[in-house]
Number of protein chains: 2
Amino acid sequence: MSLLVVGSVAFDAVETPFGKREKMLGGSGSHFSISASFFTDVRIVGVVGGDFGDEEAKVFENHNVDTTDLERIPDGKTFRWYGRYDYDLNTAHTLDTQLNVFADFQPKLSAESLKSRLVFLGNIQPDLQRGVREQIPNAELVALDTMNLWIDIARDSLIETIKGVDVVIVNDAEARQLTEEPNLMKAARKILALGPKALVVKRGEYGAALFTGGNYFAIPAYPLETVFDPTGAGDTFAGGFMGYLASQDNLDEAAMRRAMIFGSVMASFNVEEFGTERVQRLTHAEINERFSAFKQMTFFEEILFERAARA
Amino acid sequence: MSLLVVGSVAFDAVETPFGKREKMLGGSGSHFSISASFFTDVRIVGVVGGDFGDEEAKVFENHNVDTTDLERIPDGKTFRWYGRYDYDLNTAHTLDTQLNVFADFQPKLSAESLKSRLVFLGNIQPDLQRGVREQIPNAELVALDTMNLWIDIARDSLIETIKGVDVVIVNDAEARQLTEEPNLMKAARKILALGPKALVVKRGEYGAALFTGGNYFAIPAYPLETVFDPTGAGDTFAGGFMGYLASQDNLDEAAMRRAMIFGSVMASFNVEEFGTERVQRLTHAEINERFSAFKQMTFFEEILFERAARA
């Protein structure tokens, strides 16, 4: 039940109306792998600089994330992102991005990684995503994330890459932009027509939707009175989704639906505190409790309407 | 199982990217009562002018909507609304509003109306809503809708009115504006603290949510590839919600949850064509089929996660 993730490992500096952090572990690979680690064994492929220290390595170690393929470049610096959120926590304002060692990232996969059963291609340049995917032709399920930048500057490569994966995990704006289709149902149909068997659309505070062939599944988000820091929520969702699938023998639609819930559960914890802080100290009991809460908040009895005869 | 609605009856002129209508039956009372008529007996309280003809009266008659309390002012003109939607069908652009006889509307309730079991106070001036509510103190359940205009110019009266009803049915922007609270969960708590036992929040393409004391229920919208004309979707939702409740003996939370689905079902049909055209020719079989589709698209098995022991 091995799960591989290729993505960024970064130091994030984040300011929100509720406080700030100068330097904390971030990046798609970090959020994904820590989240997925609650469900399965995870390997991370990425690159960090000489400033990546014991404290950060310890976080991965604590979650049994295998960092064999996390390349270390001692004379380089780790990717850094500086962001700010105002009261509208849906919108991240990027203050500065320093790609550093991530600028020349070339994923290198060990023999063990090449045997992964599930693969998540985090949001990196689509050529690199495709390169990884082609090295693991026998993976049972490969998913990818992307972002508006790649839709803008590498659309053709991205579409080629999408043709080769099983699941696309994006937010609704990305689905619309990718297909140039304002209606989400039509956008989904166009993405599935490229080849993937499933599309997951993340809708932030409105929840998430799963499109599979003829079927549609949609869930609300877990209701939170306080959203503290949304950074990494999407990758944390993907980590819960893929991690849960990796724990299952049968990757059918019923499993994917449960995976949508576990993804939403993990994302809901992620936004409660800065960076990965809340997720790091999660317990399985807390995860399962919130999973059950999703059942509670979406359940209704299927009793059809029968009109009483008129007098 | 009588249901009373107080609201506007209007002639709408609507332009969308897909076509237009010069003059069709509209208004909150019309959309609500036609929708509710599929579930229960409905009485409408409103006012129309001499231009309200047999064709429009026939629509109410066809749906057994009792128009005894629909006042006719022969030398006046019916409320008219002219609106346009661009490709973003979430936003209505009002081109012109002619209140006409609706400007001096004073709801007059017949003896039969005063005995109504359920009452829906459609979006009219809050003083008028409160006046109606106070005339029917024994109603089992009273709900109200409102709009940004009344929050702006009649906030104190609106809050007084909300204190006297059982259910508030608004959209998410209205809930936020009313409470000056960007977080919807906190906004809901503030509204329920005024007195109502339930708050229904309509979220357009994202579905709807029901807040009742400590419980939360949320559903997605029915997925549509084409939204033709969203005019009246909110009132059609309210009509399905209240109409279904009126058909039930027990107005508990389980019934309200099913009512949320029937409301969403009715709204989803409403937007498929202009005005009330699609809803007018609905069948109970179609309504129940879409109710079942909601179950399909929200169902997942409640199987908690158990991590396999590590080797």
# chains A, B, ... in the order shown; residues from 1 in each chain; ligands from 1
>>> residues_around(residues="Leu70 (chain B)", least_positions_apart="3", cutoff="7 Å", atoms="only C-alpha atoms", output="CSV table (one decimal) with N, CA and C atoms, in the first residue's frame")
chain,number,residue,atom,x,y,z
B,44,ILE,N,-52.8,32.4,-1.7
B,44,ILE,CA,-51.9,33.5,-1.9
B,44,ILE,C,-52.5,34.8,-1.5
B,45,VAL,N,-51.8,35.7,-0.8
B,45,VAL,CA,-52.2,37.0,-0.4
B,45,VAL,C,-51.3,38.0,-1.2
B,46,GLY,N,-51.9,38.8,-2.1
B,46,GLY,CA,-51.1,39.7,-2.9
B,46,GLY,C,-52.0,40.7,-3.5
B,47,VAL,N,-51.5,41.5,-4.5
B,47,VAL,CA,-52.3,42.5,-5.2
B,47,VAL,C,-51.9,42.5,-6.7
B,67,THR,N,-57.0,32.1,-4.7
B,67,THR,CA,-56.6,33.5,-4.9
B,67,THR,C,-57.7,34.4,-4.3
>>> interface_residues(of="chain A", to="chain B", cutoff="9 Å", atoms="only C-alpha atoms", output="ChimeraX atom specification")
/A:38-40,87-88,182-186,203,206-207,209,215-221,223-227,244,247,254-255,257-258,261-262,284,287-289,291-292,295-308
>>> atom_distance(atom1="CA of Gly7 (chain B)", atom2="CA of Gly122 (chain B)")
4.7 Å
>>> select_by_dssp(residues="region 14-126 of chain A", states="alpha helix (DSSP H)", output="MDAnalysis selection string")
chainID A and resid 28:36 54:62 126
>>> write_last_selection(atoms="C-alpha atoms", output="mmCIF file, in the first residue's frame")
data_model
loop_
_atom_site.group_PDB
_atom_site.id
_atom_site.type_symbol
_atom_site.label_atom_id
_atom_site.label_comp_id
_atom_site.auth_asym_id
_atom_site.auth_seq_id
_atom_site.Cartn_x
_atom_site.Cartn_y
_atom_site.Cartn_z
ATOM 1 C CA SER A 28 2.568 20.721 -1.589
ATOM 2 C CA GLY A 29 4.717 17.650 -0.877
ATOM 3 C CA SER A 30 4.869 18.410 2.837
ATOM 4 C CA HIS A 31 1.157 19.074 3.327
ATOM 5 C CA PHE A 32 0.235 16.063 1.215
ATOM 6 C CA SER A 33 2.585 13.569 2.816
ATOM 7 C CA ILE A 34 1.856 14.512 6.416
ATOM 8 C CA SER A 35 -1.872 14.245 5.743
ATOM 9 C CA ALA A 36 -1.579 10.943 3.848
ATOM 10 C CA ASP A 54 16.848 18.468 11.729
ATOM 11 C CA GLU A 55 13.669 20.051 13.002
ATOM 12 C CA GLU A 56 11.982 19.775 9.604
ATOM 13 C CA ALA A 57 13.415 16.314 8.898
ATOM 14 C CA LYS A 58 11.999 15.265 12.247
ATOM 15 C CA VAL A 59 8.449 16.158 11.150
ATOM 16 C CA PHE A 60 8.652 13.711 8.265
ATOM 17 C CA GLU A 61 10.312 11.121 10.469
ATOM 18 C CA ASN A 62 7.572 11.433 13.101
ATOM 19 C CA PRO A 126 3.599 19.384 -16.243
#
>>> residues_around(residues="Gln135 (chain A)", least_positions_apart="2", cutoff="10 Å", atoms="only C-alpha atoms", output="VMD selection string")
chain A and resid 109 113 to 115 130 to 133 137 to 139
>>> residues_around(residues="region 147-162 of chain A", least_positions_apart="3", cutoff="12 Å", atoms="only C-alpha atoms", output="MDAnalysis selection string")
chainID A and resid 28 121:134 142:144 165:180 190:199 234:235
>>> closest_residue(among="A:Ser8, A:Thr68, A:Thr276, A:Ser37", to="Trp81 (chain A)", atoms="only C-alpha atoms")
A:Ser8
